[in-house]
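Data from upload_17.csv: CSV, N, CA and C atoms and all ligand atoms
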```csv
chain,number,residue,atom,x,y,z
R,1,MET,N,28.3,-45.1,55.0
R,1,MET,CA,27.2,-45.1,54.0
R,1,MET,C,27.5,-44.2,52.8
R,2,ASP,N,27.3,-44.6,51.6
R,2,ASP,CA,27.6,-43.8,50.5
R,2,ASP,C,26.5,-42.7,50.4
R,3,ASN,N,27.0,-41.6,49.9
R,3,ASN,CA,26.1,-40.5,49.7
R,3,ASN,C,25.6,-40.5,48.3
R,4,GLN,N,24.4,-41.0,48.1
R,4,GLN,CA,23.9,-41.2,46.7
R,4,GLN,C,23.3,-39.9,46.1
R,5,TYR,N,23.1,-38.9,46.9
R,5,TYR,CA,22.3,-37.8,46.5
R,5,TYR,C,23.2,-36.6,46.1
R,6,GLY,N,24.5,-36.6,46.3
R,6,GLY,CA,25.3,-35.6,45.8
R,6,GLY,C,25.3,-34.3,46.6
R,7,VAL,N,24.6,-34.4,47.8
R,7,VAL,CA,24.5,-33.3,48.7
R,7,VAL,C,24.9,-33.7,50.1
R,8,THR,N,25.4,-32.8,50.9
R,8,THR,CA,25.7,-33.2,52.2
R,8,THR,C,24.5,-33.2,53.1
R,9,LEU,N,24.2,-34.4,53.6
R,9,LEU,CA,23.0,-34.6,54.4
R,9,LEU,C,23.4,-35.0,55.8
R,10,ASP,N,22.7,-34.5,56.8
R,10,ASP,CA,23.0,-34.9,58.1
R,10,ASP,C,22.4,-36.3,58.3
R,11,ARG,N,23.3,-37.2,58.5
R,11,ARG,CA,22.9,-38.6,58.6
R,11,ARG,C,21.8,-38.9,59.6
R,12,GLU,N,22.0,-38.2,60.8
R,12,GLU,CA,21.0,-38.4,61.9
R,12,GLU,C,19.6,-38.0,61.4
R,13,GLN,N,19.6,-37.0,60.6
R,13,GLN,CA,18.2,-36.5,60.2
R,13,GLN,C,17.5,-37.6,59.3
R,14,PHE,N,18.3,-38.4,58.7
R,14,PHE,CA,17.7,-39.4,57.8
R,14,PHE,C,17.7,-40.8,58.3
R,15,CYS,N,18.1,-40.9,59.6
R,15,CYS,CA,18.2,-42.3,60.1
R,15,CYS,C,17.2,-42.3,61.3
R,16,CYS,N,16.7,-43.5,61.5
R,16,CYS,CA,15.7,-43.7,62.6
R,16,CYS,C,16.5,-44.3,63.8
R,17,SER,N,16.3,-43.7,64.9
R,17,SER,CA,17.0,-44.1,66.1
R,17,SER,C,16.5,-45.3,66.7
R,18,VAL,N,15.4,-45.8,66.2
R,18,VAL,CA,14.8,-47.1,66.7
R,18,VAL,C,15.4,-48.3,65.9
R,19,CYS,N,15.4,-48.2,64.6
R,19,CYS,CA,16.0,-49.4,63.8
R,19,CYS,C,17.4,-49.1,63.3
R,20,LEU,N,17.9,-47.8,63.5
R,20,LEU,CA,19.2,-47.4,63.1
R,20,LEU,C,19.4,-47.6,61.6
R,21,ASP,N,18.4,-47.5,60.9
R,21,ASP,CA,18.5,-47.6,59.4
R,21,ASP,C,17.9,-46.3,58.8
R,22,LEU,N,18.0,-46.2,57.5
R,22,LEU,CA,17.4,-45.0,56.9
R,22,LEU,C,15.9,-45.0,57.1
R,23,LEU,N,15.3,-43.8,57.2
R,23,LEU,CA,13.9,-43.7,57.5
R,23,LEU,C,13.1,-44.3,56.4
R,24,LYS,N,12.1,-45.1,56.8
R,24,LYS,CA,11.1,-45.6,55.8
R,24,LYS,C,9.8,-45.0,56.1
R,25,GLU,N,9.2,-44.4,55.2
R,25,GLU,CA,8.0,-43.6,55.5
R,25,GLU,C,8.2,-42.7,56.7
R,26,PRO,N,9.1,-41.7,56.5
R,26,PRO,CA,9.4,-40.9,57.6
R,26,PRO,C,8.3,-40.1,58.2
R,27,VAL,N,8.2,-40.0,59.5
R,27,VAL,CA,7.2,-39.2,60.2
R,27,VAL,C,8.0,-38.4,61.2
R,28,THR,N,7.6,-37.2,61.4
R,28,THR,CA,8.2,-36.3,62.4
R,28,THR,C,7.2,-36.1,63.5
R,29,ILE,N,7.6,-36.3,64.8
R,29,ILE,CA,6.6,-36.1,65.9
R,29,ILE,C,6.9,-34.7,66.5
R,30,HIS,N,6.1,-34.3,67.5
R,30,HIS,CA,6.0,-32.9,67.9
R,30,HIS,C,7.3,-32.4,68.5
R,31,CYS,N,8.2,-33.2,69.0
R,31,CYS,CA,9.4,-32.7,69.5
R,31,CYS,C,10.4,-32.4,68.4
R,32,GLY,N,10.1,-32.9,67.2
R,32,GLY,CA,11.0,-32.6,66.0
R,32,GLY,C,11.8,-33.8,65.6
R,33,HIS,N,11.8,-34.9,66.3
R,33,HIS,CA,12.5,-36.1,66.0
R,33,HIS,C,11.7,-36.9,64.9
R,34,SER,N,12.5,-37.6,64.1
R,34,SER,CA,11.9,-38.3,63.0
R,34,SER,C,12.1,-39.8,63.1
R,35,TYR,N,11.1,-40.6,62.8
R,35,TYR,CA,11.2,-42.1,62.8
R,35,TYR,C,10.5,-42.7,61.6
R,36,CYS,N,10.8,-44.0,61.4
R,36,CYS,CA,9.9,-44.7,60.4
R,36,CYS,C,8.5,-44.8,61.0
R,37,ARG,N,7.5,-44.7,60.2
R,37,ARG,CA,6.2,-44.8,60.8
R,37,ARG,C,6.0,-46.1,61.5
R,38,SER,N,6.5,-47.2,61.0
R,38,SER,CA,6.3,-48.5,61.6
R,38,SER,C,7.0,-48.6,62.9
R,39,CYS,N,8.2,-48.0,63.0
R,39,CYS,CA,9.0,-48.1,64.2
R,39,CYS,C,8.3,-47.3,65.4
R,40,ILE,N,7.9,-46.1,65.1
R,40,ILE,CA,7.3,-45.3,66.2
R,40,ILE,C,5.9,-45.9,66.6
R,41,GLU,N,5.2,-46.4,65.6
R,41,GLU,CA,3.9,-47.0,65.8
R,41,GLU,C,4.1,-48.2,66.8
R,42,SER,N,5.1,-49.1,66.5
R,42,SER,CA,5.2,-50.3,67.3
R,42,SER,C,5.8,-49.9,68.7
R,43,CYS,N,6.6,-48.9,68.7
R,43,CYS,CA,7.1,-48.4,70.0
R,43,CYS,C,6.0,-47.9,70.9
R,44,TRP,N,5.1,-47.1,70.3
R,44,TRP,CA,4.0,-46.6,71.0
R,44,TRP,C,2.9,-47.6,71.4
R,45,ASP,N,2.8,-48.6,70.5
R,45,ASP,CA,1.9,-49.8,70.8
R,45,ASP,C,2.4,-50.4,72.1
R,46,ARG,N,3.7,-50.5,72.3
R,46,ARG,CA,4.2,-51.2,73.5
R,46,ARG,C,4.0,-50.3,74.7
R,47,GLN,N,3.9,-48.9,74.5
R,47,GLN,CA,3.8,-48.0,75.6
R,47,GLN,C,2.3,-47.8,76.0
R,48,GLY,N,1.4,-48.4,75.2
R,48,GLY,CA,0.0,-48.0,75.2
R,48,GLY,C,-0.7,-48.1,76.6
R,49,GLU,N,-0.3,-49.0,77.4
R,49,GLU,CA,-1.0,-49.2,78.7
R,49,GLU,C,-0.8,-48.0,79.6
R,50,ARG,N,0.2,-47.2,79.4
R,50,ARG,CA,0.5,-46.1,80.3
R,50,ARG,C,-0.3,-44.8,79.8
R,51,GLU,N,-0.9,-44.9,78.7
R,51,GLU,CA,-1.7,-43.8,78.2
R,51,GLU,C,-0.9,-42.5,78.0
R,52,GLU,N,0.4,-42.6,77.9
R,52,GLU,CA,1.1,-41.5,77.4
R,52,GLU,C,2.3,-42.1,76.6
R,53,TYR,N,2.7,-41.3,75.6
R,53,TYR,CA,3.6,-41.7,74.6
R,53,TYR,C,4.8,-40.9,74.6
R,54,SER,N,6.0,-41.5,74.6
R,54,SER,CA,7.2,-40.7,74.7
R,54,SER,C,8.1,-40.9,73.5
R,55,CYS,N,8.9,-39.8,73.2
R,55,CYS,CA,9.9,-39.9,72.1
R,55,CYS,C,11.0,-40.8,72.6
R,56,PRO,N,11.4,-41.8,71.8
R,56,PRO,CA,12.5,-42.7,72.2
R,56,PRO,C,13.8,-42.0,72.4
R,57,GLN,N,13.9,-40.8,71.7
R,57,GLN,CA,15.2,-40.1,71.7
R,57,GLN,C,15.3,-39.1,72.9
R,58,CYS,N,14.3,-38.3,73.0
R,58,CYS,CA,14.4,-37.2,74.0
R,58,CYS,C,13.5,-37.4,75.2
R,59,ARG,N,12.6,-38.4,75.1
R,59,ARG,CA,11.7,-38.8,76.2
R,59,ARG,C,10.6,-37.7,76.5
R,60,GLU,N,10.5,-36.8,75.6
R,60,GLU,CA,9.4,-35.9,75.7
R,60,GLU,C,8.1,-36.7,75.6
R,61,THR,N,7.1,-36.5,76.5
R,61,THR,CA,5.9,-37.3,76.5
R,61,THR,C,4.8,-36.5,75.8
R,62,PHE,N,3.9,-37.3,75.2
R,62,PHE,CA,2.7,-36.7,74.5
R,62,PHE,C,1.5,-37.4,75.0
R,63,HIS,N,0.4,-36.6,75.1
R,63,HIS,CA,-0.9,-37.2,75.5
R,63,HIS,C,-1.9,-36.3,74.9
R,64,PRO,N,-2.9,-36.7,74.2
R,64,PRO,CA,-3.0,-38.2,73.7
R,64,PRO,C,-2.0,-38.5,72.7
R,65,ARG,N,-2.1,-39.7,72.2
R,65,ARG,CA,-1.2,-40.2,71.2
R,65,ARG,C,-1.3,-39.3,70.0
R,66,PRO,N,-0.1,-38.8,69.6
R,66,PRO,CA,-0.1,-37.9,68.4
R,66,PRO,C,-0.5,-38.6,67.1
R,67,VAL,N,-1.2,-37.8,66.2
R,67,VAL,CA,-1.4,-38.3,64.9
R,67,VAL,C,-0.1,-38.2,64.1
R,68,LEU,N,0.3,-39.2,63.5
R,68,LEU,CA,1.5,-39.2,62.7
R,68,LEU,C,1.3,-38.6,61.4
R,69,LYS,N,2.1,-37.6,61.1
R,69,LYS,CA,2.0,-37.0,59.7
R,69,LYS,C,3.3,-37.3,59.0
R,70,ARG,N,3.1,-37.7,57.7
R,70,ARG,CA,4.2,-38.0,56.9
R,70,ARG,C,5.1,-36.7,56.8
R,71,ASN,N,6.4,-36.9,56.9
R,71,ASN,CA,7.3,-35.8,56.7
R,71,ASN,C,7.6,-35.6,55.2
R,72,ASN,N,7.0,-34.7,54.6
R,72,ASN,CA,7.1,-34.6,53.1
R,72,ASN,C,8.5,-34.2,52.6
R,73,MET,N,9.1,-33.4,53.4
R,73,MET,CA,10.5,-32.9,53.0
R,73,MET,C,11.4,-34.1,53.0
R,74,LEU,N,11.4,-34.9,54.1
R,74,LEU,CA,12.3,-36.0,54.1
R,74,LEU,C,11.9,-37.1,53.1
R,75,ALA,N,10.6,-37.3,52.9
R,75,ALA,CA,10.2,-38.3,52.0
R,75,ALA,C,10.6,-37.9,50.6
R,76,GLU,N,10.5,-36.6,50.3
R,76,GLU,CA,10.8,-36.2,48.9
R,76,GLU,C,12.3,-36.4,48.6
R,77,VAL,N,13.2,-36.0,49.6
R,77,VAL,CA,14.6,-36.2,49.4
R,77,VAL,C,14.9,-37.7,49.3
R,78,ARG,N,14.3,-38.5,50.1
R,78,ARG,CA,14.5,-39.9,50.0
R,78,ARG,C,14.0,-40.5,48.7
R,79,GLY,N,12.9,-40.1,48.3
R,79,GLY,CA,12.2,-40.7,47.2
R,79,GLY,C,12.5,-40.1,45.8
R,80,ALA,N,13.2,-38.9,45.8
R,80,ALA,CA,13.3,-38.2,44.6
R,80,ALA,C,14.0,-39.0,43.5
R,81,SER,N,15.1,-39.7,43.8
R,81,SER,CA,15.8,-40.4,42.8
R,81,SER,C,15.1,-41.6,42.4
R,82,ALA,N,14.5,-42.3,43.3
R,82,ALA,CA,13.8,-43.6,43.0
R,82,ALA,C,12.5,-43.3,42.2
R,83,LEU,N,11.8,-42.3,42.5
R,83,LEU,CA,10.5,-42.0,41.8
R,83,LEU,C,10.7,-41.2,40.6
R,84,GLY,N,11.9,-40.5,40.5
R,84,GLY,CA,12.1,-39.7,39.3
R,84,GLY,C,11.3,-38.4,39.4
R,85,SER,N,10.9,-38.0,40.6
R,85,SER,CA,10.2,-36.8,40.8
R,85,SER,C,11.1,-35.7,41.2
R,86,VAL,N,10.8,-34.5,41.0
R,86,VAL,CA,11.7,-33.4,41.4
R,86,VAL,C,11.2,-32.8,42.7
R,87,PRO,N,12.1,-32.7,43.7
R,87,PRO,CA,11.7,-32.2,45.0
R,87,PRO,C,11.3,-30.7,44.8
R,88,SER,N,10.3,-30.3,45.6
R,88,SER,CA,9.8,-28.9,45.5
R,88,SER,C,10.9,-28.0,46.2
R,89,LYS,N,11.6,-27.3,45.4
R,89,LYS,CA,12.6,-26.4,45.9
R,89,LYS,C,12.0,-25.3,46.8
R,90,SER,N,10.9,-24.8,46.3
R,90,SER,CA,10.3,-23.7,47.1
R,90,SER,C,9.9,-24.1,48.4
R,91,ARG,N,9.3,-25.3,48.5
R,91,ARG,CA,8.9,-25.8,49.8
R,91,ARG,C,10.1,-26.1,50.7
R,92,ILE,N,11.2,-26.7,50.2
R,92,ILE,CA,12.3,-27.0,51.0
R,92,ILE,C,12.9,-25.7,51.5
R,93,SER,N,13.1,-24.7,50.7
R,93,SER,CA,13.7,-23.5,51.1
R,93,SER,C,12.8,-22.8,52.1
R,94,LYS,N,11.5,-22.9,52.0
R,94,LYS,CA,10.6,-22.3,53.0
R,94,LYS,C,10.9,-23.0,54.4
R,95,VAL,N,11.0,-24.3,54.3
R,95,VAL,CA,11.2,-25.1,55.6
R,95,VAL,C,12.6,-24.7,56.2
R,96,LEU,N,13.6,-24.5,55.4
R,96,LEU,CA,14.9,-24.2,55.9
R,96,LEU,C,15.1,-22.8,56.4
R,97,SER,N,14.3,-21.9,55.8
R,97,SER,CA,14.6,-20.5,56.1
R,97,SER,C,14.0,-20.1,57.5
R,101,ZN,ZN,13.0,-47.2,62.0
R,102,ZN,ZN,12.2,-36.2,70.6
```

Show me the file's structure as structure tokens.
Ligand SMILES: [Zn+2]
Ligand SMILES: [Zn+2]
Amino acid sequence: MDNQYGVTLDREQFCCSVCLDLLKEPVTIHCGHSYCRSCIESCWDRQGEREEYSCPQCRETFHPRPVLKRNNMLAEVRGASALGSVPSKSRISKVLS
């Protein structure tokens, strides 16, 4: 994959382990793994009868079903060039420090 952003990014951090593509509408769940919202939603829809929800990557289980929050840092990096907006440097450095 070409690096369009001019910075070294950890590919895993920006790829969804369900669809193996770049994250679309990235959400991060409680264990710290990130997925496309639609991927993790459909994954958990299939798990629904068991009343517990697990991370497809590390198998950590959650109950009740977590509320998915948009991962703003990943979304900003992904969307910055397309939307022409400037990522919040202060917020990113806060997250990384
Ligand atoms: Zn996905
Ligand atoms: Zn996980």

### Query
What residues have any atom no more than 8 Å from ligand ZN 102 (chain R) when counting only C-alpha atoms and all ligand atoms, and can you list them as a VMD selection string?
chain R and resid 29 to 34 54 to 60

### Query
Can you tell me which residues sit at most 5 Å away from ligand ZN 101 (chain R), counting only N, CA and C atoms and all ligand atoms, written as a list in words?
Cys16, Val18, Cys19, Cys36 and Cys39 of chain R

#### Entry: Counting all atoms listed in the file, the residue of R:Val27, R:Gln47, R:Glu52, R:Ser42 that sits nearest Leu68 of chain R
R:Val27

### 6.5 Å contact set for Lys24 of chain R, all atoms listed in the file, chain neighbours under 5 positions out, as a PyMOL selection string
chain R and resi 35-38

### Query
Could you work out how far atom N of Leu23 of chain R lies from atom N of Met73 of chain R, giving the answer in Å with one decimal?
12.7 Å

### Task
Please indicate the distance in Å from atom CA of Asn71 of chain R to atom CA of Glu51 of chain R, rounded to one decimal place.
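Taking atom CA of Asn71 of chain R as the start and atom CA of Glu51 of chain R as the end point, the length is 24.6 Å.
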
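When atom C of Asp21 of chain R is paired with atom C of Phe62 of chain R, their separation reads 24.7 Å.
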
### Summary
Of R:Gln13, R:Glu25, R:Cys43, R:Tyr53, the one nearest to Arg65 of chain R when counting only N, CA and C atoms is R:Tyr53
